[in-house]
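Working notes, beginning with the structure itself.
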Amino acid sequence: DYILREVESELKAKIAAHKTDPAILKALRELADLLVKERIPTLLVVMPEGPMVRSFYRPEALAASMAEFEALSKAHGFPLIQAREWYDEAQFRDSYHLHEGGATAFSQRLLREGIAPALTTLYASGRHE
């Protein structure tokens, strides 16, 4: 498929060379602290990617990013939804943008499996006040 070949040409080397910028991690941690301080309910979502784009990541680079999200989730009690592998290539226009049907399916699943349970827990705990 022409679009997938273009995406591979454009992104494969960039994603393979990915390194998490310490300044971005610092900003993410500061944002998490602010969300807690301001009592803003937060759900961390690792967005879906198609199998082709997922294959571009070096395992060690991906593991470092996922470890950071898991640490933030544990430290602050933010639910973490790992949606990265929810869909196969057919749900994407280009392996990283869901097409309309895929986006609708994602929104419904995120509501059902992420947002609704998180809200139920939040209100049951009384932390929403």
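Labeling convention for the structure tokens: chains A, B, ... as they appear, residues from 1 per chain, ligands from 1 in order of appearance.
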Task: Spatial neighbours of Val36 (chain A), max dist 12 Å, only C-alpha atoms, sep filter under 2 positions, as number ranges by chain - done: A: 29-34, 38-43, 72-73, 75-78, 127-128
Write a file of the just-selected residues containing C-alpha atoms, as a CSV table (one decimal), in the first residue's frame.
```csv
chain,number,residue,atom,x,y,z
A,29,ARG,CA,6.3,14.8,36.1
A,30,GLU,CA,5.6,18.5,36.9
A,31,LEU,CA,2.3,18.2,35.1
A,32,ALA,CA,1.4,15.1,37.1
A,33,ASP,CA,2.2,16.8,40.3
A,34,LEU,CA,0.1,19.8,39.4
A,38,GLU,CA,-5.3,20.7,41.9
A,39,ARG,CA,-7.3,17.5,42.4
A,40,ILE,CA,-7.9,17.0,38.7
A,41,PRO,CA,-8.9,13.5,37.9
A,42,THR,CA,-6.4,12.0,35.4
A,43,LEU,CA,-6.3,9.0,33.2
A,72,LEU,CA,3.4,8.0,37.2
A,73,SER,CA,0.4,5.8,37.4
A,75,ALA,CA,2.9,7.4,42.2
A,76,HIS,CA,-0.2,9.4,41.6
A,77,GLY,CA,-2.9,6.8,41.4
A,78,PHE,CA,-3.6,7.6,37.7
A,127,ARG,CA,-11.9,11.9,45.9
A,128,HIS,CA,-14.0,13.9,43.4
```
Task: Residues near Leu98 (chain A), cut-off 12 Å, only C-alpha atoms, skip fewer than 3 positions along chain, as a PyMOL selection string - done: chain A and resi 47-50+84+86-95+101-107
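By only C-alpha atoms, and with residues fewer than 5 positions from region 10-22 of chain A along its chain excluded, the set lying at most 6 Å from it is Phe56, Tyr57 and Arg58 of chain A.
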Any chance you could export the current selection's C-alpha atoms as a PDB file, in the first residue's frame?
```pdb
ATOM      1  CA  PHE A  56       9.713   0.557  14.352  1.00  0.00           C
ATOM      2  CA  TYR A  57      10.432   1.043  18.076  1.00  0.00           C
ATOM      3  CA  ARG A  58      13.551  -0.350  19.711  1.00  0.00           C
TER       4      ARG A  58
END
```
TODO: Between CA of Ala83 (chain A) and CA of Val46 (chain A), measure the distance and give it in Å to one decimal.
DONE: 5.5 Å
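Reported to one decimal place, the separation of CA of Glu70 (chain A) from CA of Pro117 (chain A) is 18.1 Å.
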TODO: Quick one: pick out all alpha helix (DSSP H) residues within region 17-124 of chain A from a backbone DSSP run and write them as a PyMOL selection string.
DONE: chain A and resi 22-37+51-54+59-76+100-110+116-124
TODO: Give the strand (DSSP E or B) residues of chain A, as DSSP finds them on the backbone, and put them as an NGL selection string.
DONE: :A and (44-46 or 80-82 or 92 or 98)
- [ ] Go through A:Pro79, A:Val53, A:Ile24, A:Glu60 one by one, measure the shortest atom-to-atom distance of each to Glu8 (chain A) using only C-alpha atoms, and give the residue with the smallest value.
- [x]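 Under the stated criterion, the closest residue is A:Val53.
Considering the residues A:Leu62, A:Ala27, A:Leu80, A:His99 and counting only C-alpha atoms, Ile115 (chain A) has its shortest atom-to-atom contact with A:Leu80.
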TODO: Take CA of Leu25 (chain A) and CA of Glu68 (chain A) and report the distance between them in Å, one decimal.
DONE: 8.1 Å
